[in-house]
Amino acid sequence: MTKRAFRSVTKIMSMTRPFVFAWHFLTAIPISRRYHDPTADELAASMAWYSTVGLMIGGLLALVDQVLRWWLTAEVVNVLLIVLLVLLTRGLHQDGLADTVDGLAGGRTIDDRLRIMRDPNVGALGATGLFLSLLLRYAGLLALPQSWRFPMLLCMPAVGRWAMVCVAWSSSYARRDGGLASAFLTNLSWHHVLLSTLVLAVALTAGLGPVPALATMALGTLVVVLVRQGCRKWFGGVTGDLLGATNELIEIVFLLLVPILVMTR
């Protein structure tokens with residue numbers, strides 16, 4: 001192999017590894033066993049692929065929705081889509097939401113909230129918050145105009161994962177003893193955020209149209225700013241659970257408010 005060919009292969013692999021790490025972290029579907037032991041730089045770079053992985057998850061949801069609607073009622077299809085989404089992501093974000101609700105409800109100080117969130121047991125309020133989030137997600141899917149189901153299902157996971165990247169950017173890790181999310185935050189740069197944002201913006205514009213896409217990005221930015229402020233105020237920074245809760249929150253907001261955007265076009 002020539003030096004030029006070797007450099008080309010090395011460059012391709014350097015781009016592939018972050019994508020594989022993003023896919024493995026965000027989904028339960030393994031695509032490669034060759035890549036392991038990511039560096040902090042690679043973990044940060046993987047977040048640039050979050051919107052892309054979200055689109056791939058959304059594409060599967062949209063495809064399954066198209067097939068199931070031939071045989072099943074809308075109510076049953078919506079429940080099955082939620083089940084599929086949870087299975088595809090190992091319930092990672094739902095777990096983060098439940099832990100976040102428990103921490104907010106049971107802790108009076110930052111240290112108390114972080115300690116409660118680390119408890120593997122889910123409290124009554126965390127379970128209630130999780131149930132309500134699933135109920136709201138179901139209601140949002142049920143309220144979608146039929147002609148908008150495909151682009152909405154396609155873009156929904158990408159919106160949530162883009163928000164995770166934006167909240168993580170320039171945020172400090174909340175726990176003093178470190179944790180899983182700290183490795184992602186260490187070297188996350190605006191280049192990664194920009195790539196994730198561009199992928200989402202193109203997908204929203206192609207699927208929903210320029211005006212709803214712009215409104216969605218503006219609304220998402222507002223939610224991101226509020227979440228970042230809440231993370232600093234109530235938790236002293238960001239954790240993996242808080243990023244998961246961010247994903248759930250913005251996906252639900254996206255589902256509930258898009259019908260309004262459709263009616264105002």
# chains A, B, ... in the order shown; residues from 1 in each chain; ligands from 1

call {"tool": "closest_atom_pairs", "arguments": {"of": "range 199-223 of chain A", "to": "range 252-261 of chain A", "cutoff": "8 Å", "atoms": "only C-alpha atoms", "output": "Markdown table"}}
result
| residue | atom | partner | partner_atom | distance |
| --- | --- | --- | --- | --- |
| A:Pro212 | CA | A:Leu261 | CA | 6.0 |
| A:Ala215 | CA | A:Leu261 | CA | 7.8 |
| A:Thr216 | CA | A:Phe254 | CA | 7.4 |

call {"tool": "residues_around", "arguments": {"residues": "Lys233 in chain A", "least_positions_apart": "3", "cutoff": "12 Å", "atoms": "only C-alpha atoms", "output": "ChimeraX atom specification"}}
result
/A:104,108-110,113,174,226-230,236-238

call {"tool": "write_last_selection", "arguments": {"atoms": "N, CA and C atoms", "output": "PDB file, in the first residue's frame"}}
result
ATOM      1  N   LEU A 104     -35.023  16.182  40.969  1.00  0.00           N
ATOM      2  CA  LEU A 104     -35.673  17.480  41.171  1.00  0.00           C
ATOM      3  C   LEU A 104     -36.700  17.423  42.295  1.00  0.00           C
ATOM      4  N   ARG A 108     -32.990  18.880  47.874  1.00  0.00           N
ATOM      5  CA  ARG A 108     -33.045  20.311  48.189  1.00  0.00           C
ATOM      6  C   ARG A 108     -31.784  21.041  47.780  1.00  0.00           C
ATOM      7  N   THR A 109     -30.701  20.328  47.672  1.00  0.00           N
ATOM      8  CA  THR A 109     -29.430  20.920  47.257  1.00  0.00           C
ATOM      9  C   THR A 109     -28.934  20.212  46.010  1.00  0.00           C
ATOM     10  N   ILE A 110     -27.904  20.785  45.393  1.00  0.00           N
ATOM     11  CA  ILE A 110     -27.327  20.171  44.200  1.00  0.00           C
ATOM     12  C   ILE A 110     -26.788  18.790  44.519  1.00  0.00           C
ATOM     13  N   ARG A 113     -29.588  16.245  44.875  1.00  0.00           N
ATOM     14  CA  ARG A 113     -30.198  15.879  43.597  1.00  0.00           C
ATOM     15  C   ARG A 113     -29.302  14.904  42.829  1.00  0.00           C
ATOM     16  N   ALA A 174     -21.355  17.942  35.984  1.00  0.00           N
ATOM     17  CA  ALA A 174     -21.864  18.277  37.313  1.00  0.00           C
ATOM     18  C   ALA A 174     -21.160  17.521  38.432  1.00  0.00           C
ATOM     19  N   LEU A 226     -33.129  27.209  27.926  1.00  0.00           N
ATOM     20  CA  LEU A 226     -33.792  27.017  29.212  1.00  0.00           C
ATOM     21  C   LEU A 226     -33.260  25.792  29.949  1.00  0.00           C
ATOM     22  N   VAL A 227     -33.031  24.721  29.207  1.00  0.00           N
ATOM     23  CA  VAL A 227     -32.506  23.500  29.827  1.00  0.00           C
ATOM     24  C   VAL A 227     -31.094  23.736  30.361  1.00  0.00           C
ATOM     25  N   ARG A 228     -30.265  24.411  29.596  1.00  0.00           N
ATOM     26  CA  ARG A 228     -28.896  24.707  30.054  1.00  0.00           C
ATOM     27  C   ARG A 228     -28.920  25.518  31.342  1.00  0.00           C
ATOM     28  N   GLN A 229     -29.793  26.513  31.409  1.00  0.00           N
ATOM     29  CA  GLN A 229     -29.909  27.317  32.623  1.00  0.00           C
ATOM     30  C   GLN A 229     -30.383  26.474  33.797  1.00  0.00           C
ATOM     31  N   GLY A 230     -31.364  25.604  33.538  1.00  0.00           N
ATOM     32  CA  GLY A 230     -31.860  24.738  34.595  1.00  0.00           C
ATOM     33  C   GLY A 230     -30.799  23.773  35.088  1.00  0.00           C
ATOM     34  N   GLY A 236     -25.774  22.118  38.898  1.00  0.00           N
ATOM     35  CA  GLY A 236     -24.389  22.560  38.844  1.00  0.00           C
ATOM     36  C   GLY A 236     -23.659  22.155  37.584  1.00  0.00           C
ATOM     37  N   GLY A 237     -24.382  21.725  36.576  1.00  0.00           N
ATOM     38  CA  GLY A 237     -23.776  21.295  35.329  1.00  0.00           C
ATOM     39  C   GLY A 237     -24.612  20.231  34.650  1.00  0.00           C
ATOM     40  N   VAL A 238     -23.973  19.458  33.799  1.00  0.00           N
ATOM     41  CA  VAL A 238     -24.669  18.467  32.982  1.00  0.00           C
ATOM     42  C   VAL A 238     -24.225  17.061  33.381  1.00  0.00           C
TER      43      VAL A 238
END

call {"tool": "residues_around", "arguments": {"residues": "range 22-31 of chain A", "least_positions_apart": "5", "cutoff": "7 Å", "atoms": "only C-alpha atoms", "output": "number ranges by chain"}}
result
A: 46-47, 49-50, 53, 88-90

call {"tool": "write_last_selection", "arguments": {"atoms": "N, CA and C atoms", "output": "PDB file, in the first residue's frame"}}
result
ATOM      1  N   SER A  46     -17.995  12.070  18.041  1.00  0.00           N
ATOM      2  CA  SER A  46     -19.177  11.238  17.789  1.00  0.00           C
ATOM      3  C   SER A  46     -20.466  12.031  17.924  1.00  0.00           C
ATOM      4  N   MET A  47     -20.455  13.080  18.738  1.00  0.00           N
ATOM      5  CA  MET A  47     -21.664  13.871  18.934  1.00  0.00           C
ATOM      6  C   MET A  47     -22.027  14.669  17.683  1.00  0.00           C
ATOM      7  N   TRP A  49     -22.269  13.374  14.953  1.00  0.00           N
ATOM      8  CA  TRP A  49     -23.072  12.419  14.191  1.00  0.00           C
ATOM      9  C   TRP A  49     -24.428  12.144  14.837  1.00  0.00           C
ATOM     10  N   TYR A  50     -24.724  12.786  15.949  1.00  0.00           N
ATOM     11  CA  TYR A  50     -25.954  12.468  16.676  1.00  0.00           C
ATOM     12  C   TYR A  50     -27.201  12.731  15.839  1.00  0.00           C
ATOM     13  N   VAL A  53     -27.504   9.932  13.228  1.00  0.00           N
ATOM     14  CA  VAL A  53     -28.017   8.701  13.818  1.00  0.00           C
ATOM     15  C   VAL A  53     -29.504   8.854  14.147  1.00  0.00           C
ATOM     16  N   LEU A  88     -35.103   0.326  20.604  1.00  0.00           N
ATOM     17  CA  LEU A  88     -33.963   0.719  19.784  1.00  0.00           C
ATOM     18  C   LEU A  88     -32.905   1.469  20.582  1.00  0.00           C
ATOM     19  N   THR A  89     -33.343   2.224  21.587  1.00  0.00           N
ATOM     20  CA  THR A  89     -32.423   3.063  22.361  1.00  0.00           C
ATOM     21  C   THR A  89     -32.161   2.511  23.761  1.00  0.00           C
ATOM     22  N   ARG A  90     -32.612   1.282  24.020  1.00  0.00           N
ATOM     23  CA  ARG A  90     -32.411   0.623  25.318  1.00  0.00           C
ATOM     24  C   ARG A  90     -33.053   1.380  26.475  1.00  0.00           C
TER      25      ARG A  90
END

call {"tool": "atom_distance", "arguments": {"atom1": "CA of Pro38 in chain A", "atom2": "CA of Val199 in chain A"}}
result
23.5 Å

call {"tool": "atom_distance", "arguments": {"atom1": "CA of Glu75 in chain A", "atom2": "CA of Leu249 in chain A"}}
result
21.8 Å

call {"tool": "residues_around", "arguments": {"residues": "Ala158 in chain A", "least_positions_apart": "5", "cutoff": "7 Å", "atoms": "only C-alpha atoms", "output": "PyMOL selection string"}}
result
chain A and resi 51-52+54-55+200

call {"tool": "select_by_dssp", "arguments": {"residues": "range 58-222 of chain A", "states": "helix (DSSP H, G or I)", "output": "ChimeraX atom specification"}}
result
/A:58-68,74-88,92-106,110-118,124-143,146-168,180-186,190-208,210-222

call {"tool": "residues_around", "arguments": {"residues": "range 220-224 of chain A", "least_positions_apart": "5", "cutoff": "7 Å", "atoms": "only C-alpha atoms", "output": "ChimeraX atom specification"}}
result
/A:163,166-167,250

call {"tool": "write_last_selection", "arguments": {"atoms": "all heavy atoms", "output": "PDB file, in the first residue's frame"}}
result
ATOM      1  N   ALA A 163     -30.499  18.422  20.289  1.00  0.00           N
ATOM      2  CA  ALA A 163     -30.613  19.186  21.531  1.00  0.00           C
ATOM      3  C   ALA A 163     -29.609  18.703  22.573  1.00  0.00           C
ATOM      4  O   ALA A 163     -29.050  19.507  23.335  1.00  0.00           O
ATOM      5  CB  ALA A 163     -32.035  19.081  22.082  1.00  0.00           C
ATOM      6  N   CYS A 166     -26.304  20.321  21.772  1.00  0.00           N
ATOM      7  CA  CYS A 166     -26.295  21.753  22.086  1.00  0.00           C
ATOM      8  C   CYS A 166     -26.219  22.005  23.593  1.00  0.00           C
ATOM      9  O   CYS A 166     -25.525  22.923  24.043  1.00  0.00           O
ATOM     10  CB  CYS A 166     -27.533  22.423  21.506  1.00  0.00           C
ATOM     11  SG  CYS A 166     -27.580  22.461  19.698  1.00  0.00           S
ATOM     12  N   VAL A 167     -26.930  21.203  24.372  1.00  0.00           N
ATOM     13  CA  VAL A 167     -26.887  21.366  25.832  1.00  0.00           C
ATOM     14  C   VAL A 167     -25.503  20.995  26.361  1.00  0.00           C
ATOM     15  O   VAL A 167     -24.976  21.631  27.287  1.00  0.00           O
ATOM     16  CB  VAL A 167     -27.978  20.514  26.504  1.00  0.00           C
ATOM     17  CG1 VAL A 167     -27.785  20.463  28.015  1.00  0.00           C
ATOM     18  CG2 VAL A 167     -29.360  21.070  26.177  1.00  0.00           C
ATOM     19  N   ILE A 250     -37.531  17.595  24.469  1.00  0.00           N
ATOM     20  CA  ILE A 250     -37.644  18.329  23.208  1.00  0.00           C
ATOM     21  C   ILE A 250     -38.373  17.506  22.156  1.00  0.00           C
ATOM     22  O   ILE A 250     -39.065  18.062  21.290  1.00  0.00           O
ATOM     23  CB  ILE A 250     -36.257  18.774  22.708  1.00  0.00           C
ATOM     24  CG1 ILE A 250     -36.423  19.931  21.708  1.00  0.00           C
ATOM     25  CG2 ILE A 250     -35.485  17.632  22.081  1.00  0.00           C
ATOM     26  CD1 ILE A 250     -35.155  20.690  21.430  1.00  0.00           C
TER      27      ILE A 250
END

call {"tool": "residues_around", "arguments": {"residues": "Leu242 in chain A", "least_positions_apart": "2", "cutoff": "9 Å", "atoms": "only C-alpha atoms", "output": "number ranges by chain"}}
result
A: 93, 96-97, 99-100, 164, 227, 231, 238-240, 244-247

call {"tool": "write_last_selection", "arguments": {"atoms": "N, CA and C atoms", "output": "tab-separated table (two decimals), in the first residue's frame"}}
result
chain	number	residue	atom	x	y	z
A	93	HIS	N	-32.78	7.17	27.32
A	93	HIS	CA	-33.26	8.52	27.57
A	93	HIS	C	-34.43	8.53	28.57
A	96	GLY	N	-32.97	8.39	31.94
A	96	GLY	CA	-32.46	9.70	32.32
A	96	GLY	C	-33.56	10.64	32.77
A	97	LEU	N	-34.70	10.59	32.09
A	97	LEU	CA	-35.83	11.43	32.47
A	97	LEU	C	-36.35	11.06	33.85
A	99	ASP	N	-34.78	9.55	36.31
A	99	ASP	CA	-33.80	9.93	37.34
A	99	ASP	C	-33.80	11.44	37.57
A	100	THR	N	-33.95	12.21	36.49
A	100	THR	CA	-33.97	13.67	36.63
A	100	THR	C	-35.18	14.14	37.43
A	164	MET	N	-29.36	17.40	22.62
A	164	MET	CA	-28.37	16.86	23.55
A	164	MET	C	-26.99	17.45	23.27
A	227	VAL	N	-33.03	24.72	29.21
A	227	VAL	CA	-32.51	23.50	29.83
A	227	VAL	C	-31.09	23.74	30.36
A	231	CYS	N	-30.00	23.24	34.18
A	231	CYS	CA	-28.92	22.33	34.58
A	231	CYS	C	-27.91	23.02	35.48
A	238	VAL	N	-23.97	19.46	33.80
A	238	VAL	CA	-24.67	18.47	32.98
A	238	VAL	C	-24.23	17.06	33.38
A	239	THR	N	-25.15	16.12	33.32
A	239	THR	CA	-24.85	14.70	33.48
A	239	THR	C	-25.49	13.93	32.31
A	240	GLY	N	-25.16	12.66	32.21
A	240	GLY	CA	-25.77	11.84	31.17
A	240	GLY	C	-27.28	11.76	31.32
A	244	GLY	N	-30.23	12.81	28.59
A	244	GLY	CA	-31.32	11.94	28.21
A	244	GLY	C	-32.67	12.59	28.43
A	245	ALA	N	-32.82	13.28	29.55
A	245	ALA	CA	-34.06	13.99	29.83
A	245	ALA	C	-34.30	15.10	28.81
A	246	THR	N	-33.22	15.75	28.38
A	246	THR	CA	-33.33	16.78	27.34
A	246	THR	C	-33.90	16.21	26.06
A	247	ASN	N	-33.41	15.05	25.67
A	247	ASN	CA	-33.91	14.40	24.47
A	247	ASN	C	-35.41	14.14	24.57

call {"tool": "closest_residue", "arguments": {"among": "A:Ser32, A:Ser196, A:Leu208, A:Glu42", "to": "Met152 in chain A", "atoms": "only C-alpha atoms"}}
result
A:Leu208

call {"tool": "closest_residue", "arguments": {"among": "A:Pro157, A:Trp148, A:Trp190, A:Gln66", "to": "Ala44 in chain A", "atoms": "only C-alpha atoms"}}
result
A:Trp190

call {"tool": "residues_around", "arguments": {"residues": "Leu63 in chain A", "least_positions_apart": "5", "cutoff": "9 Å", "atoms": "only C-alpha atoms", "output": "ChimeraX atom specification"}}
result
/A:58,68,150,154

call {"tool": "atom_distance", "arguments": {"atom1": "CA of Met117 in chain A", "atom2": "CA of Ala105 in chain A"}}
result
10.5 Å

call {"tool": "decode", "arguments": {"residues": "range 14-48 of chain A", "atoms": "N, CA and C atoms", "output": "CSV table (one decimal), in the first residue's frame"}}
result
chain,number,residue,atom,x,y,z
A,14,SER,N,-10.7,7.4,10.5
A,14,SER,CA,-10.8,8.5,11.6
A,14,SER,C,-12.2,9.1,11.5
A,15,MET,N,-12.9,9.1,10.4
A,15,MET,CA,-14.3,9.6,10.3
A,15,MET,C,-15.3,8.5,10.6
A,16,THR,N,-14.9,7.3,10.4
A,16,THR,CA,-15.9,6.2,10.6
A,16,THR,C,-16.0,5.9,12.1
A,17,ARG,N,-14.9,5.9,12.8
A,17,ARG,CA,-15.0,5.5,14.2
A,17,ARG,C,-15.9,6.4,15.0
A,18,PRO,N,-15.9,7.7,14.9
A,18,PRO,CA,-16.9,8.5,15.7
A,18,PRO,C,-18.3,8.2,15.4
A,19,PHE,N,-18.6,7.9,14.1
A,19,PHE,CA,-20.0,7.5,13.7
A,19,PHE,C,-20.4,6.2,14.4
A,20,VAL,N,-19.5,5.2,14.4
A,20,VAL,CA,-19.8,3.9,15.0
A,20,VAL,C,-20.0,4.1,16.5
A,21,PHE,N,-19.2,4.9,17.1
A,21,PHE,CA,-19.3,5.2,18.6
A,21,PHE,C,-20.7,5.8,18.9
A,22,ALA,N,-21.1,6.8,18.0
A,22,ALA,CA,-22.4,7.5,18.2
A,22,ALA,C,-23.5,6.5,18.0
A,23,TRP,N,-23.4,5.6,17.0
A,23,TRP,CA,-24.4,4.6,16.7
A,23,TRP,C,-24.5,3.6,17.9
A,24,HIS,N,-23.4,3.1,18.4
A,24,HIS,CA,-23.5,2.2,19.5
A,24,HIS,C,-24.0,2.8,20.8
A,25,PHE,N,-23.6,4.1,21.0
A,25,PHE,CA,-24.1,4.7,22.2
A,25,PHE,C,-25.6,5.0,22.2
A,26,LEU,N,-26.1,5.4,21.0
A,26,LEU,CA,-27.5,5.9,20.9
A,26,LEU,C,-28.5,4.7,20.6
A,27,THR,N,-28.0,3.6,20.1
A,27,THR,CA,-28.9,2.5,19.8
A,27,THR,C,-28.4,1.2,20.4
A,28,ALA,N,-29.3,0.2,20.3
A,28,ALA,CA,-29.0,-1.1,20.8
A,28,ALA,C,-28.6,-2.1,19.7
A,29,ILE,N,-28.3,-1.5,18.5
A,29,ILE,CA,-28.0,-2.4,17.4
A,29,ILE,C,-26.5,-2.3,17.1
A,30,PRO,N,-25.7,-3.4,17.3
A,30,PRO,CA,-24.3,-3.3,17.0
A,30,PRO,C,-24.1,-3.4,15.5
A,31,ILE,N,-23.1,-2.6,15.0
A,31,ILE,CA,-22.8,-2.6,13.6
A,31,ILE,C,-21.3,-3.0,13.4
A,32,SER,N,-20.5,-3.0,14.5
A,32,SER,CA,-19.1,-3.4,14.3
A,32,SER,C,-18.6,-3.7,15.7
A,33,ARG,N,-17.7,-4.7,15.7
A,33,ARG,CA,-17.0,-5.2,16.9
A,33,ARG,C,-15.5,-4.8,16.9
A,34,ARG,N,-15.2,-4.1,15.8
A,34,ARG,CA,-13.7,-3.8,15.6
A,34,ARG,C,-13.4,-2.5,16.4
A,35,TYR,N,-14.3,-1.6,16.5
A,35,TYR,CA,-14.0,-0.3,17.1
A,35,TYR,C,-14.3,-0.4,18.6
A,36,HIS,N,-13.3,-0.1,19.4
A,36,HIS,CA,-13.5,0.0,20.9
A,36,HIS,C,-12.5,0.9,21.5
A,37,ASP,N,-12.6,1.2,22.8
A,37,ASP,CA,-11.7,2.1,23.5
A,37,ASP,C,-11.6,3.4,22.8
A,38,PRO,N,-12.7,4.2,22.7
A,38,PRO,CA,-12.6,5.5,22.1
A,38,PRO,C,-11.9,6.5,23.0
A,39,THR,N,-11.2,7.4,22.3
A,39,THR,CA,-10.5,8.5,23.0
A,39,THR,C,-11.5,9.6,23.4
A,40,ALA,N,-11.2,10.5,24.2
A,40,ALA,CA,-12.0,11.7,24.5
A,40,ALA,C,-12.3,12.5,23.2
A,41,ASP,N,-11.3,12.6,22.4
A,41,ASP,CA,-11.6,13.3,21.1
A,41,ASP,C,-12.6,12.6,20.2
A,42,GLU,N,-12.5,11.3,20.2
A,42,GLU,CA,-13.5,10.5,19.4
A,42,GLU,C,-14.9,10.6,19.9
A,43,LEU,N,-15.0,10.6,21.3
A,43,LEU,CA,-16.3,10.6,21.9
A,43,LEU,C,-16.9,12.0,21.6
A,44,ALA,N,-16.1,13.1,21.7
A,44,ALA,CA,-16.6,14.4,21.3
A,44,ALA,C,-17.0,14.5,19.9
A,45,ALA,N,-16.2,13.9,19.0
A,45,ALA,CA,-16.5,13.9,17.6
A,45,ALA,C,-17.7,13.1,17.2
A,46,SER,N,-18.0,12.1,18.0
A,46,SER,CA,-19.2,11.2,17.8
A,46,SER,C,-20.5,12.0,17.9
A,47,MET,N,-20.5,13.1,18.7
A,47,MET,CA,-21.7,13.9,18.9
A,47,MET,C,-22.0,14.7,17.7
A,48,ALA,N,-21.1,14.9,16.8
A,48,ALA,CA,-21.4,15.5,15.5
A,48,ALA,C,-22.3,14.7,14.7
